[in-house]
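Visitor: Compact mmCIF, C-alpha atoms, file run.txt:
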```
# COMPACT_ATOMS: atom_id res chain seq x y z
CA MET A 1 33.03 103.03 145.11
CA ILE A 2 36.18 104.94 146.12
CA ARG A 3 35.75 103.76 149.68
CA ALA A 4 35.61 100.11 148.52
CA LEU A 5 38.80 100.60 146.46
CA VAL A 6 40.61 102.10 149.47
CA ILE A 7 39.58 99.16 151.67
CA LEU A 8 40.66 96.69 149.00
CA LEU A 9 44.02 98.48 148.64
CA LEU A 10 44.57 98.40 152.42
CA VAL A 11 43.78 94.69 152.55
CA LEU A 12 46.23 93.97 149.74
CA LEU A 13 49.01 96.14 151.19
CA TRP A 14 48.58 95.11 154.86
CA PRO A 15 51.21 92.29 154.83
CA ALA A 16 53.81 94.57 153.19
CA THR A 17 53.17 97.44 155.60
CA ALA A 18 53.30 95.06 158.58
CA ALA A 19 56.74 93.87 157.48
CA ALA A 20 57.85 97.46 156.95
CA ARG A 21 56.74 98.29 160.51
CA GLY A 22 58.97 95.54 161.84
CA VAL A 23 56.24 93.13 162.84
CA PRO A 24 58.11 89.84 163.21
CA ALA A 25 57.32 87.06 160.80
CA LYS A 26 56.02 83.78 162.14
CA PRO A 27 59.07 81.87 163.42
CA ALA A 28 60.16 78.74 161.63
CA PRO A 29 59.46 75.56 163.57
CA ALA A 30 62.41 74.34 165.63
CA LYS A 31 64.33 71.42 164.22
CA PRO A 32 63.93 68.31 166.34
CA MET A 33 66.99 67.19 168.33
CA THR A 34 68.90 64.25 167.03
CA ALA A 35 68.92 61.18 169.26
CA LYS A 36 72.62 61.75 170.01
CA ALA A 37 72.09 65.42 170.99
CA LYS A 38 69.10 64.49 173.17
CA ALA A 39 71.08 61.78 174.95
CA ALA A 40 73.95 64.22 175.64
CA TYR A 41 71.49 66.85 176.94
CA ASP A 42 69.80 64.26 179.19
CA ARG A 43 73.18 63.18 180.63
CA LYS A 44 74.08 66.78 181.49
CA LEU A 45 70.69 67.36 183.08
CA ARG A 46 70.90 64.18 185.19
CA ALA A 47 74.39 65.19 186.38
CA ARG A 48 72.99 68.49 187.74
CA ILE A 49 69.93 67.08 189.49
CA GLY A 50 70.22 67.16 193.27
CA LYS A 51 73.41 69.23 193.28
CA PRO A 52 73.58 72.76 194.67
CA PRO A 53 73.90 75.56 192.13
CA ALA A 54 77.37 76.87 191.35
CA LYS A 55 78.47 79.59 193.76
CA VAL A 56 78.59 82.99 192.11
CA ILE A 57 80.39 86.16 193.13
CA ASN A 58 79.00 89.51 192.06
CA LEU A 59 81.38 92.36 191.28
CA TRP A 60 79.85 95.84 191.44
CA TYR A 61 81.87 98.65 189.82
CA SER A 62 80.10 101.70 191.19
CA ARG A 63 81.89 104.17 188.92
CA SER A 64 80.58 102.50 185.77
CA GLY A 65 77.37 101.18 187.35
CA GLU A 66 78.08 97.69 186.01
CA TRP A 67 77.94 94.19 187.45
CA LEU A 68 80.13 91.24 186.54
CA VAL A 69 78.96 87.84 187.77
CA LEU A 70 81.73 85.29 188.26
CA ASP A 71 81.52 81.56 188.78
CA ALA A 72 83.49 81.05 192.01
CA VAL A 73 85.15 77.96 190.55
CA LYS A 74 85.72 79.09 186.97
CA GLY A 75 85.84 82.85 187.59
CA ALA A 76 89.56 83.11 187.05
CA SER A 77 88.96 81.98 183.46
CA VAL A 78 87.29 85.29 182.55
CA ASP A 79 88.52 86.15 179.08
CA GLN A 80 90.95 89.02 178.61
CA LYS A 81 88.59 91.18 176.57
CA THR A 82 85.86 91.03 179.24
CA ALA A 83 88.36 91.94 181.98
CA ASN A 84 89.82 94.81 179.95
CA THR A 85 86.35 96.22 179.31
CA TYR A 86 84.88 95.73 182.77
CA PHE A 87 87.87 97.21 184.65
CA ARG A 88 88.24 100.08 182.15
CA CYS A 89 89.09 103.65 183.17
CA HIS A 90 85.81 105.17 184.31
CA PHE A 91 87.00 108.68 183.41
CA THR A 92 88.15 108.14 179.82
CA ASN A 93 86.14 104.94 179.15
CA GLN A 94 89.39 103.49 177.76
CA PRO A 95 89.70 99.71 178.25
CA ALA A 96 92.73 98.38 180.09
CA PRO A 97 95.54 97.44 177.71
CA ALA A 98 95.92 94.06 179.47
CA PHE A 99 94.22 93.83 182.87
CA ASP A 100 96.16 91.28 184.94
CA LEU A 101 93.86 88.29 185.36
CA ARG A 102 95.61 87.25 188.59
CA LEU A 103 93.70 90.10 190.26
CA ILE A 104 90.40 88.39 189.46
CA GLY A 105 91.76 85.35 191.30
CA VAL A 106 92.55 87.58 194.29
CA LEU A 107 88.98 88.94 194.29
CA ILE A 108 87.49 85.44 194.14
CA ASP A 109 89.82 84.16 196.87
CA ALA A 110 88.88 87.10 199.11
CA ALA A 111 85.16 86.49 198.60
CA LEU A 112 85.51 82.77 199.32
CA HIS A 113 87.75 83.33 202.34
CA PHE A 114 85.35 85.82 203.94
CA LYS A 115 82.24 83.95 202.74
CA VAL A 116 80.71 86.87 200.86
CA ASP A 117 79.14 86.90 197.41
CA HIS A 118 79.49 90.61 196.68
CA ILE A 119 82.58 92.74 196.01
CA ASP A 120 82.62 96.51 195.56
CA ILE A 121 85.20 97.58 192.96
CA VAL A 122 86.51 101.07 193.67
CA SER A 123 89.05 101.36 190.88
CA GLY A 124 90.56 99.17 188.18
CA TYR A 125 92.51 100.46 185.20
CA ARG A 126 93.36 104.15 185.25
CA ALA A 127 94.37 105.88 182.01
CA PRO A 128 97.74 107.69 182.38
CA LYS A 129 96.03 110.99 181.45
CA TYR A 130 93.52 110.56 184.28
CA ASN A 131 96.24 109.47 186.71
CA LEU A 132 98.16 112.67 185.96
CA GLN A 133 95.03 114.75 186.44
CA LEU A 134 94.45 113.16 189.87
CA ARG A 135 98.06 113.90 190.88
CA LYS A 136 97.68 117.55 189.88
CA LYS A 137 94.58 117.79 192.05
CA GLY A 138 96.52 116.44 195.04
CA HIS A 139 95.03 112.96 195.25
CA GLU A 140 97.07 110.11 196.72
CA VAL A 141 98.11 108.42 193.47
CA ALA A 142 101.59 107.28 192.48
CA ARG A 143 103.26 108.87 189.48
CA ASP A 144 103.89 105.44 187.93
CA SER A 145 100.78 103.78 189.38
CA GLN A 146 100.20 100.08 188.78
CA HIS A 147 96.63 101.11 187.88
CA THR A 148 97.95 102.70 184.67
CA TYR A 149 99.16 99.28 183.51
CA GLY A 150 96.01 97.39 184.50
CA HIS A 151 97.99 95.70 187.27
CA ALA A 152 95.98 96.90 190.28
CA VAL A 153 92.49 96.88 191.74
CA ASP A 154 91.00 98.77 194.68
CA PHE A 155 88.10 97.00 196.38
CA ARG A 156 86.11 96.44 199.55
CA LEU A 157 83.98 93.60 200.86
CA PRO A 158 80.71 94.72 202.45
CA GLY A 159 80.61 93.63 206.09
CA VAL A 160 84.36 92.92 206.27
CA PRO A 161 86.50 95.53 208.08
CA ALA A 162 89.09 97.03 205.73
CA THR A 163 91.85 96.28 208.29
CA THR A 164 90.92 92.57 208.21
CA LEU A 165 90.91 92.59 204.40
CA ARG A 166 94.29 94.41 204.38
CA ASP A 167 95.87 91.80 206.67
CA TRP A 168 94.54 88.99 204.51
CA ALA A 169 95.86 90.64 201.30
CA ARG A 170 99.31 91.14 202.84
CA ARG A 171 99.56 87.43 203.62
CA LEU A 172 99.22 86.69 199.88
CA ARG A 173 102.54 88.44 199.17
CA LEU A 174 101.43 88.82 195.54
CA GLY A 175 102.51 92.46 195.26
CA GLY A 176 101.67 95.83 196.76
CA VAL A 177 98.91 96.29 199.32
CA GLY A 178 97.64 99.75 200.17
CA PHE A 179 95.19 100.47 202.97
CA TYR A 180 92.93 103.54 202.78
CA SER A 181 91.30 103.87 206.18
CA GLU A 182 88.99 106.84 205.59
CA SER A 183 87.76 105.51 202.25
CA GLY A 184 87.54 101.96 203.63
CA PHE A 185 89.13 100.06 200.76
CA VAL A 186 92.23 98.01 200.03
CA HIS A 187 94.52 98.33 197.00
CA THR A 188 96.12 95.16 195.64
CA ASP A 189 98.57 95.00 192.76
CA VAL A 190 100.99 92.58 191.13
CA GLY A 191 104.06 94.81 191.38
CA LYS A 192 106.81 94.57 194.03
CA VAL A 193 105.76 93.46 197.51
CA ARG A 194 105.31 96.66 199.53
CA TYR A 195 102.79 98.14 201.95
CA TRP A 196 101.45 101.62 202.63
CA THR A 197 98.61 103.46 204.30
CA GLY A 198 96.64 106.34 202.86
CA ARG A 199 93.49 108.24 203.62
```
So that I can check it, write out the structure of this file as structure tokens.

Guide:
Amino acid sequence: MIRALVILLLVLLWPATAAARGVPAKPAPAKPMTAKAKAAYDRKLRARIGKPPAKVINLWYSRSGEWLVLDAVKGASVDQKTANTYFRCHFTNQPAPAFDLRLIGVLIDAALHFKVDHIDIVSGYRAPKYNLQLRKKGHEVARDSQHTYGHAVDFRLPGVPATTLRDWARRLRLGGVGFYSESGFVHTDVGKVRYWTGR
């Protein structure tokens, strides 16, 4: 008798306990598309048929272990919040106050010019506290680095010699270009036009 009551109780409580365990409820049926929405969707689909996919450029920020995929055509329209977060200081995890979006254009232009779809980001925004710490340890960083304003990016293109990338970046005359031969990367910023070489 007790056993039958326990079974009956379990049967009655099963739906409540399933919901409590987070078992998803049966989804509601999707609403059918209106004729106007279906026609618009069909037009977009027909426009894409037979065309190659949009070219994408993959940014890899090794210090944060994150990827950012950019549309090669629309990549420069990355919103400010995404740029500030992606290029944040890897040491403090502090987002850039206003990462200069022109630098994303430089990265896309470099990838398109050298016909690569992958860019290694070495450094983006650098919090002033971290910049000072690097200076105290004897690293080659400027006291008033453009990195501390979110106005610089250090990067390399796999398969492209850093000297070739440096020469290309100098021809832009956008701002400063630093060449770090031992580390194999190029620094680009939007400050005054100037050039230097480091390790």

Visitor: Gly191 (chain A): which residues within 10 Å, counting all atoms listed in the file, same-chain residues fewer than 5 positions away excluded, as a list in words?

Guide: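 Surrounding residues, per the criterion: Ser145, Gln146, His151, Ala152, Leu174, Gly175, Gly176 and Val177 of chain A.
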
Visitor: For the contact check between region 44-64 of chain A and region 89-111 of chain A, emit one row per residue of region 44-64 of chain A within 12 Å, containing the shortest atom pair and the distance in Å rounded to one decimal, counting only C-alpha atoms, chain then rising number order, as a Markdown table.

Guide:
```
| residue | atom | partner | partner_atom | distance |
| --- | --- | --- | --- | --- |
| A:Lys55 | CA | A:Ile108 | CA | 10.8 |
| A:Val56 | CA | A:Ile108 | CA | 9.5 |
| A:Ile57 | CA | A:Ile108 | CA | 7.2 |
| A:Asn58 | CA | A:Ala111 | CA | 9.5 |
| A:Leu59 | CA | A:Leu107 | CA | 8.9 |
| A:Trp60 | CA | A:Leu107 | CA | 11.8 |
| A:Tyr61 | CA | A:His90 | CA | 9.4 |
| A:Ser62 | CA | A:His90 | CA | 9.6 |
| A:Arg63 | CA | A:His90 | CA | 6.1 |
| A:Ser64 | CA | A:His90 | CA | 6.1 |
```

Visitor: Which residues, written as a PDB file with C-alpha atoms, keeping the file's coordinate frame, have at least one atom at most 7 Å from Thr197 (chain A), with all atoms listed in the file counted and residues fewer than 5 positions away on the same chain left out?

Guide:
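Wrote part.pdb, looks like this:
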```pdb
ATOM      1  CA  GLY A 178      97.640  99.750 200.170  1.00  0.00           C
ATOM      2  CA  PHE A 179      95.190 100.470 202.970  1.00  0.00           C
ATOM      3  CA  TYR A 180      92.930 103.540 202.780  1.00  0.00           C
TER       4      TYR A 180
END
```

Visitor: May I ask which of the residues A:Glu140, A:Phe155, A:Thr34, A:Ser123 is the closest one to Tyr86 (chain A), counting only C-alpha atoms?

Guide: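 Of all the options, A:Ser123 lies closest to Tyr86 (chain A).
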
Visitor: What gap, in Å, lies between CA of Arg143 (chain A) and CA of Asn131 (chain A)?

Guide: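 Those two atoms sit 7.6 Å apart.
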
Visitor: Quote the spacing between CA of Pro53 (chain A) and CA of Ala169 (chain A) in Å to one decimal place.

Guide: 28.2 Å

Visitor: Rounded to one decimal in Å, what is the spacing between CA of Gly198 (chain A) and CA of Arg88 (chain A)?

Guide: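 Pair CA of Gly198 (chain A) / CA of Arg88 (chain A) returns 23.2 Å.
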
Visitor: Between A:Gly65, A:Gly50, A:Gly124, A:Gly184, which residue has the minimum interatomic distance to Gly159 (chain A), considering only C-alpha atoms?

Guide: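 Closest candidate: A:Gly184.
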
Visitor: Any chance you could model N, CA and C atoms for region 68-98 of chain A and send them as a PDB file, in the coordinates of the input?

Guide:
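Contents of out_16.pdb, as written:
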```pdb
ATOM      1  N   LEU A  68      79.491  92.368 187.226  1.00  0.00           N
ATOM      2  CA  LEU A  68      80.130  91.240 186.540  1.00  0.00           C
ATOM      3  C   LEU A  68      79.932  90.041 187.463  1.00  0.00           C
ATOM      4  N   VAL A  69      79.240  89.026 186.968  1.00  0.00           N
ATOM      5  CA  VAL A  69      78.960  87.840 187.770  1.00  0.00           C
ATOM      6  C   VAL A  69      79.995  86.778 187.423  1.00  0.00           C
ATOM      7  N   LEU A  70      80.676  86.286 188.463  1.00  0.00           N
ATOM      8  CA  LEU A  70      81.730  85.290 188.260  1.00  0.00           C
ATOM      9  C   LEU A  70      81.327  83.963 188.886  1.00  0.00           C
ATOM     10  N   ASP A  71      81.650  82.891 188.215  1.00  0.00           N
ATOM     11  CA  ASP A  71      81.520  81.560 188.780  1.00  0.00           C
ATOM     12  C   ASP A  71      82.704  81.425 189.749  1.00  0.00           C
ATOM     13  N   ALA A  72      82.426  81.106 191.006  1.00  0.00           N
ATOM     14  CA  ALA A  72      83.490  81.050 192.010  1.00  0.00           C
ATOM     15  C   ALA A  72      84.558  80.021 191.669  1.00  0.00           C
ATOM     16  N   VAL A  73      84.184  78.990 190.914  1.00  0.00           N
ATOM     17  CA  VAL A  73      85.150  77.960 190.550  1.00  0.00           C
ATOM     18  C   VAL A  73      85.880  78.327 189.270  1.00  0.00           C
ATOM     19  N   LYS A  74      85.122  78.805 188.281  1.00  0.00           N
ATOM     20  CA  LYS A  74      85.720  79.090 186.970  1.00  0.00           C
ATOM     21  C   LYS A  74      85.954  80.578 186.740  1.00  0.00           C
ATOM     22  N   GLY A  75      85.762  81.395 187.763  1.00  0.00           N
ATOM     23  CA  GLY A  75      85.840  82.850 187.590  1.00  0.00           C
ATOM     24  C   GLY A  75      87.169  83.346 187.082  1.00  0.00           C
ATOM     25  N   ALA A  76      88.244  82.665 187.477  1.00  0.00           N
ATOM     26  CA  ALA A  76      89.560  83.110 187.050  1.00  0.00           C
ATOM     27  C   ALA A  76      89.762  82.894 185.555  1.00  0.00           C
ATOM     28  N   SER A  77      88.826  82.198 184.900  1.00  0.00           N
ATOM     29  CA  SER A  77      88.960  81.980 183.460  1.00  0.00           C
ATOM     30  C   SER A  77      88.213  83.040 182.657  1.00  0.00           C
ATOM     31  N   VAL A  78      87.906  84.182 183.285  1.00  0.00           N
ATOM     32  CA  VAL A  78      87.290  85.290 182.550  1.00  0.00           C
ATOM     33  C   VAL A  78      88.217  85.663 181.406  1.00  0.00           C
ATOM     34  N   ASP A  79      87.656  85.854 180.221  1.00  0.00           N
ATOM     35  CA  ASP A  79      88.520  86.150 179.080  1.00  0.00           C
ATOM     36  C   ASP A  79      89.097  87.567 179.187  1.00  0.00           C
ATOM     37  N   GLN A  80      90.209  87.756 178.518  1.00  0.00           N
ATOM     38  CA  GLN A  80      90.950  89.020 178.610  1.00  0.00           C
ATOM     39  C   GLN A  80      90.126  90.218 178.163  1.00  0.00           C
ATOM     40  N   LYS A  81      89.383  90.059 177.093  1.00  0.00           N
ATOM     41  CA  LYS A  81      88.590  91.180 176.570  1.00  0.00           C
ATOM     42  C   LYS A  81      87.539  91.636 177.581  1.00  0.00           C
ATOM     43  N   THR A  82      86.871  90.683 178.234  1.00  0.00           N
ATOM     44  CA  THR A  82      85.860  91.030 179.240  1.00  0.00           C
ATOM     45  C   THR A  82      86.505  91.774 180.399  1.00  0.00           C
ATOM     46  N   ALA A  83      87.650  91.277 180.870  1.00  0.00           N
ATOM     47  CA  ALA A  83      88.360  91.940 181.980  1.00  0.00           C
ATOM     48  C   ALA A  83      88.794  93.341 181.589  1.00  0.00           C
ATOM     49  N   ASN A  84      89.361  93.493 180.401  1.00  0.00           N
ATOM     50  CA  ASN A  84      89.820  94.810 179.950  1.00  0.00           C
ATOM     51  C   ASN A  84      88.668  95.808 179.889  1.00  0.00           C
ATOM     52  N   THR A  85      87.510  95.334 179.443  1.00  0.00           N
ATOM     53  CA  THR A  85      86.350  96.220 179.310  1.00  0.00           C
ATOM     54  C   THR A  85      85.732  96.532 180.660  1.00  0.00           C
ATOM     55  N   TYR A  86      85.554  95.514 181.487  1.00  0.00           N
ATOM     56  CA  TYR A  86      84.880  95.730 182.770  1.00  0.00           C
ATOM     57  C   TYR A  86      85.700  96.638 183.695  1.00  0.00           C
ATOM     58  N   PHE A  87      87.011  96.430 183.749  1.00  0.00           N
ATOM     59  CA  PHE A  87      87.870  97.210 184.650  1.00  0.00           C
ATOM     60  C   PHE A  87      88.423  98.460 183.962  1.00  0.00           C
ATOM     61  N   ARG A  88      87.761  98.924 182.916  1.00  0.00           N
ATOM     62  CA  ARG A  88      88.240 100.080 182.150  1.00  0.00           C
ATOM     63  C   ARG A  88      88.287 101.353 183.008  1.00  0.00           C
ATOM     64  N   CYS A  89      89.001 102.355 182.494  1.00  0.00           N
ATOM     65  CA  CYS A  89      89.090 103.650 183.170  1.00  0.00           C
ATOM     66  C   CYS A  89      87.711 104.307 183.122  1.00  0.00           C
ATOM     67  N   HIS A  90      87.159 104.600 184.273  1.00  0.00           N
ATOM     68  CA  HIS A  90      85.810 105.170 184.310  1.00  0.00           C
ATOM     69  C   HIS A  90      85.787 106.610 183.806  1.00  0.00           C
ATOM     70  N   PHE A  91      86.944 107.277 183.821  1.00  0.00           N
ATOM     71  CA  PHE A  91      87.000 108.680 183.410  1.00  0.00           C
ATOM     72  C   PHE A  91      87.087 108.827 181.891  1.00  0.00           C
ATOM     73  N   THR A  92      87.962 108.041 181.271  1.00  0.00           N
ATOM     74  CA  THR A  92      88.150 108.140 179.820  1.00  0.00           C
ATOM     75  C   THR A  92      87.357 107.081 179.045  1.00  0.00           C
ATOM     76  N   ASN A  93      86.840 106.079 179.759  1.00  0.00           N
ATOM     77  CA  ASN A  93      86.140 104.940 179.150  1.00  0.00           C
ATOM     78  C   ASN A  93      87.082 104.076 178.314  1.00  0.00           C
ATOM     79  N   GLN A  94      88.379 104.252 178.511  1.00  0.00           N
ATOM     80  CA  GLN A  94      89.390 103.490 177.760  1.00  0.00           C
ATOM     81  C   GLN A  94      89.583 102.125 178.419  1.00  0.00           C
ATOM     82  N   PRO A  95      89.484 101.029 177.657  1.00  0.00           N
ATOM     83  CA  PRO A  95      89.700  99.710 178.250  1.00  0.00           C
ATOM     84  C   PRO A  95      91.155  99.546 178.693  1.00  0.00           C
ATOM     85  N   ALA A  96      91.358  98.679 179.645  1.00  0.00           N
ATOM     86  CA  ALA A  96      92.730  98.380 180.090  1.00  0.00           C
ATOM     87  C   ALA A  96      93.487  97.742 178.939  1.00  0.00           C
ATOM     88  N   PRO A  97      94.780  98.065 178.786  1.00  0.00           N
ATOM     89  CA  PRO A  97      95.540  97.440 177.710  1.00  0.00           C
ATOM     90  C   PRO A  97      95.670  95.923 177.918  1.00  0.00           C
ATOM     91  N   ALA A  98      95.846  95.496 179.162  1.00  0.00           N
ATOM     92  CA  ALA A  98      95.920  94.060 179.470  1.00  0.00           C
ATOM     93  C   ALA A  98      95.743  93.917 180.983  1.00  0.00           C
TER      94      ALA A  98
END
```
